[in-house]
Structure formats: C-alpha cells, structure tokens
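Here the structure is laid out as structure tokens; the discussion comes afterwards.
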Amino acid sequence: MSEAAADTPISNNLIMTLKYGDVTIALRPDLAPLAARRMHDLTAQGFYNGCKFFRVIAGFMAQTGDPTNTGTGGSSLPNLPAEFTNDASFLTGTVGMARTQDPNSANSQFFICFDPCSWLDGQYTIVGQVTAGMEAVQQIKKGSGSSGHVQDPDAIIKMVVA
C-alpha cells in the first residue's frame, strides 16, 4: 500500500439495503476504533450481503452479521477486544457489537436497538448509530419467545461503504 493510500481516511458511513428501504449507519471510530474498522472492512468485502436478522426482539433489538444465520458464526478474523465506553449510551438506532459471555468475543455480528437500551451501557461495544432509515429498521420481522428466534427472517440485501 502506498503512503498516500495509508493516509487516506476511510468513510465512516455504511448503507444497508433492506426490503423496507435503505439504512445509513455512521460508524463511531471515536468510541470503538477496532470494531468500526472491522465493520467497515467486512462491509467493503461484501461480507454482510445476505446475512439474516436471525434474532429480533420487539422493543429491544435486531441482530445480524452471522453468515451461518444461527447466531454462532462469524468472520474468519480474530475476535475483538471489548471497547466499552461511558461516553455514549445505547439509544434508538444505536449499533452494538454482539458477543458471547466473554466481553472480548465480538467478531462480525451486530445489533441495532429499536428503543433506548441503557442497561447495555458499559457492557457492549457501541460501534455506530443509524442516522437515516430507522423506519426501515423498525419494520424488520420480529422473532418469538425470549430468544427472539425468527422464522423466515428478513435479510440484508446489500451493505456498502458510502
């Protein structure tokens, strides 16, 4: 890579196309530089295209980013360390990195909050914020039960770096 290319800032805006419309996500490298770069790079590679919203809980969030669509998969890249912050809160449209019980297990899966979820503050990495198209996110098919498992889930049609 040339020095000029290395010095070129990356776009922090992603466009996620759903059957309900386009959603603009502004990444937050100021809060989570590693997670923001991961989402940017995976998006640029087309990783998220076709990923389903396999876990969706009304009033809480919609989760995606697993190419196996089971909630147990991720990218081939190593897991990321936690990038928790007290400088922002999980609000409507906040994008967070999903993880296991291990705080340092975020990889490719992410979720978008339907409503404020401040109980997640300091426990999950905030990686971005929906800045347009939240009405499309609100239409994502909801799951059932406490797990939010979705039968015939909606999918990301395409996700690109803007």
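Each chain of the structure tokens is named A, B, ... in the order shown, its residues numbered from 1; ligands are numbered from 1 in display order.
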Write down as number ranges by chain the residues belonging to chain A that are assigned alpha helix (DSSP H) by DSSP computed on the backbone.
A: 3-7, 33-44, 134-138
Please identify all polymer residues within 10 Å of range 44-59 of chain A, counting only C-alpha atoms, omitting same-chain residues fewer than 4 positions from it, and present them as number ranges by chain.
A: 14, 16-18, 38-40, 63-71, 74-75, 92, 108-117, 138, 140-162
Would you save the residues from that selection as a compact mmCIF listing (two decimals), in the first residue's frame, using N, CA and C atoms?
# COMPACT_ATOMS: atom_id res chain seq x y z
N LEU A 14 -21.98 3.66 6.29
CA LEU A 14 -22.39 2.44 5.62
C LEU A 14 -23.85 2.60 5.20
N MET A 16 -27.02 0.19 4.39
CA MET A 16 -27.57 -1.16 4.47
C MET A 16 -28.93 -1.15 3.77
N THR A 17 -29.06 -1.96 2.73
CA THR A 17 -30.31 -2.03 1.99
C THR A 17 -31.15 -3.19 2.51
N LEU A 18 -32.35 -2.86 2.98
CA LEU A 18 -33.33 -3.85 3.42
C LEU A 18 -34.50 -3.80 2.45
N ARG A 38 -13.45 -2.97 11.66
CA ARG A 38 -13.90 -4.31 11.31
C ARG A 38 -15.19 -4.24 10.48
N MET A 39 -16.17 -3.47 10.96
CA MET A 39 -17.43 -3.37 10.21
C MET A 39 -17.20 -2.74 8.84
N HIS A 40 -16.36 -1.73 8.78
CA HIS A 40 -16.03 -1.09 7.50
C HIS A 40 -15.43 -2.12 6.54
N GLN A 63 -30.66 -8.47 15.47
CA GLN A 63 -29.27 -8.93 15.39
C GLN A 63 -29.02 -9.65 14.07
N THR A 64 -27.84 -9.40 13.48
CA THR A 64 -27.42 -9.98 12.22
C THR A 64 -25.89 -10.07 12.18
N GLY A 65 -25.36 -10.39 11.03
CA GLY A 65 -23.91 -10.40 10.86
C GLY A 65 -23.25 -11.76 11.01
N ASP A 66 -24.07 -12.81 11.02
CA ASP A 66 -23.56 -14.18 11.10
C ASP A 66 -23.83 -14.85 9.77
N PRO A 67 -22.78 -15.21 9.01
CA PRO A 67 -23.01 -15.82 7.71
C PRO A 67 -23.70 -17.18 7.78
N THR A 68 -23.69 -17.83 8.95
CA THR A 68 -24.40 -19.11 9.10
C THR A 68 -25.86 -18.88 9.50
N ASN A 69 -26.20 -17.65 9.87
CA ASN A 69 -27.55 -17.26 10.28
C ASN A 69 -28.07 -18.06 11.47
N THR A 70 -27.16 -18.49 12.33
CA THR A 70 -27.53 -19.27 13.51
C THR A 70 -27.26 -18.53 14.82
N GLY A 71 -26.44 -17.50 14.76
CA GLY A 71 -26.04 -16.80 15.97
C GLY A 71 -24.75 -17.32 16.55
N GLY A 74 -19.27 -16.32 12.65
CA GLY A 74 -18.64 -15.01 12.50
C GLY A 74 -17.69 -15.03 11.33
N SER A 75 -16.87 -14.01 11.24
CA SER A 75 -15.88 -13.96 10.17
C SER A 75 -14.70 -14.85 10.53
N THR A 92 -32.17 4.61 20.70
CA THR A 92 -32.83 4.12 19.49
C THR A 92 -31.87 4.29 18.32
N SER A 108 -18.14 -10.33 14.06
CA SER A 108 -18.82 -9.73 12.91
C SER A 108 -20.29 -9.42 13.20
N GLN A 109 -20.85 -10.06 14.19
CA GLN A 109 -22.27 -9.87 14.47
C GLN A 109 -22.51 -8.52 15.14
N PHE A 110 -23.63 -7.90 14.74
CA PHE A 110 -24.00 -6.63 15.34
C PHE A 110 -25.52 -6.59 15.53
N PHE A 111 -25.96 -5.64 16.32
CA PHE A 111 -27.39 -5.46 16.55
C PHE A 111 -27.71 -3.97 16.49
N ILE A 112 -28.98 -3.69 16.17
CA ILE A 112 -29.48 -2.32 16.12
C ILE A 112 -30.62 -2.22 17.12
N CYS A 113 -30.54 -1.25 18.02
CA CYS A 113 -31.57 -1.08 19.04
C CYS A 113 -32.82 -0.43 18.47
N PHE A 114 -33.98 -1.03 18.76
CA PHE A 114 -35.27 -0.45 18.37
C PHE A 114 -35.64 0.72 19.28
N ASP A 115 -35.24 0.64 20.53
CA ASP A 115 -35.57 1.62 21.56
C ASP A 115 -34.33 1.82 22.43
N PRO A 116 -34.33 2.84 23.30
CA PRO A 116 -33.18 3.00 24.21
C PRO A 116 -32.98 1.74 25.05
N CYS A 117 -31.72 1.35 25.20
CA CYS A 117 -31.35 0.13 25.94
C CYS A 117 -30.16 0.46 26.86
N GLN A 138 -37.25 -0.51 11.92
CA GLN A 138 -38.40 -0.83 12.78
C GLN A 138 -39.32 -1.86 12.13
N ILE A 140 -38.28 -4.59 10.45
CA ILE A 140 -37.67 -5.91 10.39
C ILE A 140 -38.55 -6.91 11.13
N LYS A 141 -38.75 -8.07 10.51
CA LYS A 141 -39.63 -9.11 11.09
C LYS A 141 -39.14 -9.51 12.47
N LYS A 142 -40.06 -9.49 13.44
CA LYS A 142 -39.74 -9.82 14.83
C LYS A 142 -39.79 -11.32 15.06
N GLY A 143 -39.01 -11.76 16.02
CA GLY A 143 -38.98 -13.16 16.41
C GLY A 143 -39.96 -13.43 17.52
N SER A 144 -39.87 -14.64 18.06
CA SER A 144 -40.78 -15.04 19.13
C SER A 144 -39.99 -15.59 20.31
N GLY A 145 -40.66 -15.62 21.45
CA GLY A 145 -40.03 -16.15 22.67
C GLY A 145 -38.94 -15.24 23.18
N SER A 146 -38.35 -15.62 24.29
CA SER A 146 -37.32 -14.78 24.91
C SER A 146 -36.05 -14.73 24.09
N SER A 147 -35.83 -15.73 23.23
CA SER A 147 -34.62 -15.75 22.40
C SER A 147 -34.76 -14.86 21.17
N GLY A 148 -36.00 -14.55 20.78
CA GLY A 148 -36.22 -13.73 19.60
C GLY A 148 -35.94 -14.44 18.29
N HIS A 149 -35.92 -15.78 18.32
CA HIS A 149 -35.65 -16.56 17.10
C HIS A 149 -36.72 -16.23 16.05
N VAL A 150 -36.25 -15.97 14.81
CA VAL A 150 -37.15 -15.55 13.73
C VAL A 150 -37.31 -16.68 12.71
N GLN A 151 -38.55 -17.04 12.44
CA GLN A 151 -38.86 -17.98 11.35
C GLN A 151 -38.89 -17.18 10.05
N ASP A 152 -38.21 -17.64 9.02
CA ASP A 152 -38.16 -16.96 7.72
C ASP A 152 -37.76 -15.48 7.90
N PRO A 153 -36.55 -15.24 8.43
CA PRO A 153 -36.13 -13.88 8.77
C PRO A 153 -35.83 -12.99 7.56
N ASP A 154 -35.96 -11.69 7.80
CA ASP A 154 -35.53 -10.70 6.81
C ASP A 154 -34.00 -10.73 6.72
N ALA A 155 -33.48 -10.25 5.59
CA ALA A 155 -32.04 -10.27 5.37
C ALA A 155 -31.55 -8.91 4.89
N ILE A 156 -30.26 -8.70 5.05
CA ILE A 156 -29.60 -7.54 4.45
C ILE A 156 -29.47 -7.86 2.96
N ILE A 157 -30.07 -7.07 2.12
CA ILE A 157 -29.96 -7.29 0.68
C ILE A 157 -28.54 -6.97 0.24
N LYS A 158 -28.06 -5.82 0.69
CA LYS A 158 -26.71 -5.37 0.33
C LYS A 158 -26.27 -4.36 1.37
N MET A 159 -24.98 -4.38 1.69
CA MET A 159 -24.43 -3.38 2.61
C MET A 159 -23.13 -2.88 1.99
N VAL A 160 -23.02 -1.57 1.84
CA VAL A 160 -21.86 -0.98 1.17
C VAL A 160 -21.31 0.18 1.99
N VAL A 161 -20.05 0.48 1.73
CA VAL A 161 -19.42 1.68 2.29
C VAL A 161 -19.86 2.86 1.44
N ALA A 162 -20.37 3.88 2.07
CA ALA A 162 -20.88 5.05 1.33
C ALA A 162 -19.74 6.01 0.98
Write out as a list of chain:residue names the set of residues from range 34-134 of chain A that DSSP, computed on the backbone, places in strand (DSSP E).
A:Arg55, A:Val56, A:Ile57, A:Met61, A:Ala62, A:Gln63, A:Thr64, A:Thr94, A:Val95, A:Gly96, A:Met97, A:Phe110, A:Phe111, A:Ile112, A:Cys113, A:Ile126, A:Val127, A:Gly128, A:Gln129, A:Val130, A:Thr131, A:Ala132
With only C-alpha atoms as the counted atoms, please give the residues lying no more than 9 Å from Met134 in chain A, apart from itself and same-chain residues fewer than 2 positions off, as a list in words.
Asp22, Val23, Thr24, Thr92, Gly93, Phe114, Val130, Thr131, Ala132, Ala136, Val137, Gln138 and Gln139 of chain A
Choose the residue, out of A:Val95, A:Leu31, A:Leu80, A:Ala36, that has the smallest atom-to-atom separation from Asn12 in chain A; count only C-alpha atoms.
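Closest to Asn12 in chain A, using only C-alpha atoms: A:Ala36.
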So, counting only C-alpha atoms, which residue among A:Leu91, A:Thr85, A:Ser118, A:Asn79 is closest to Ala106 in chain A?
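Under the stated criterion, the closest residue is A:Asn79.
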Neighbouring residues of range 26-29 of chain A were defined as those with any atom within 6 Å, considering only C-alpha atoms; residues of the same chain fewer than 4 positions away were excluded. Please report them as an MDAnalysis selection string.
chainID A and resid 12:13 33 36 127:129
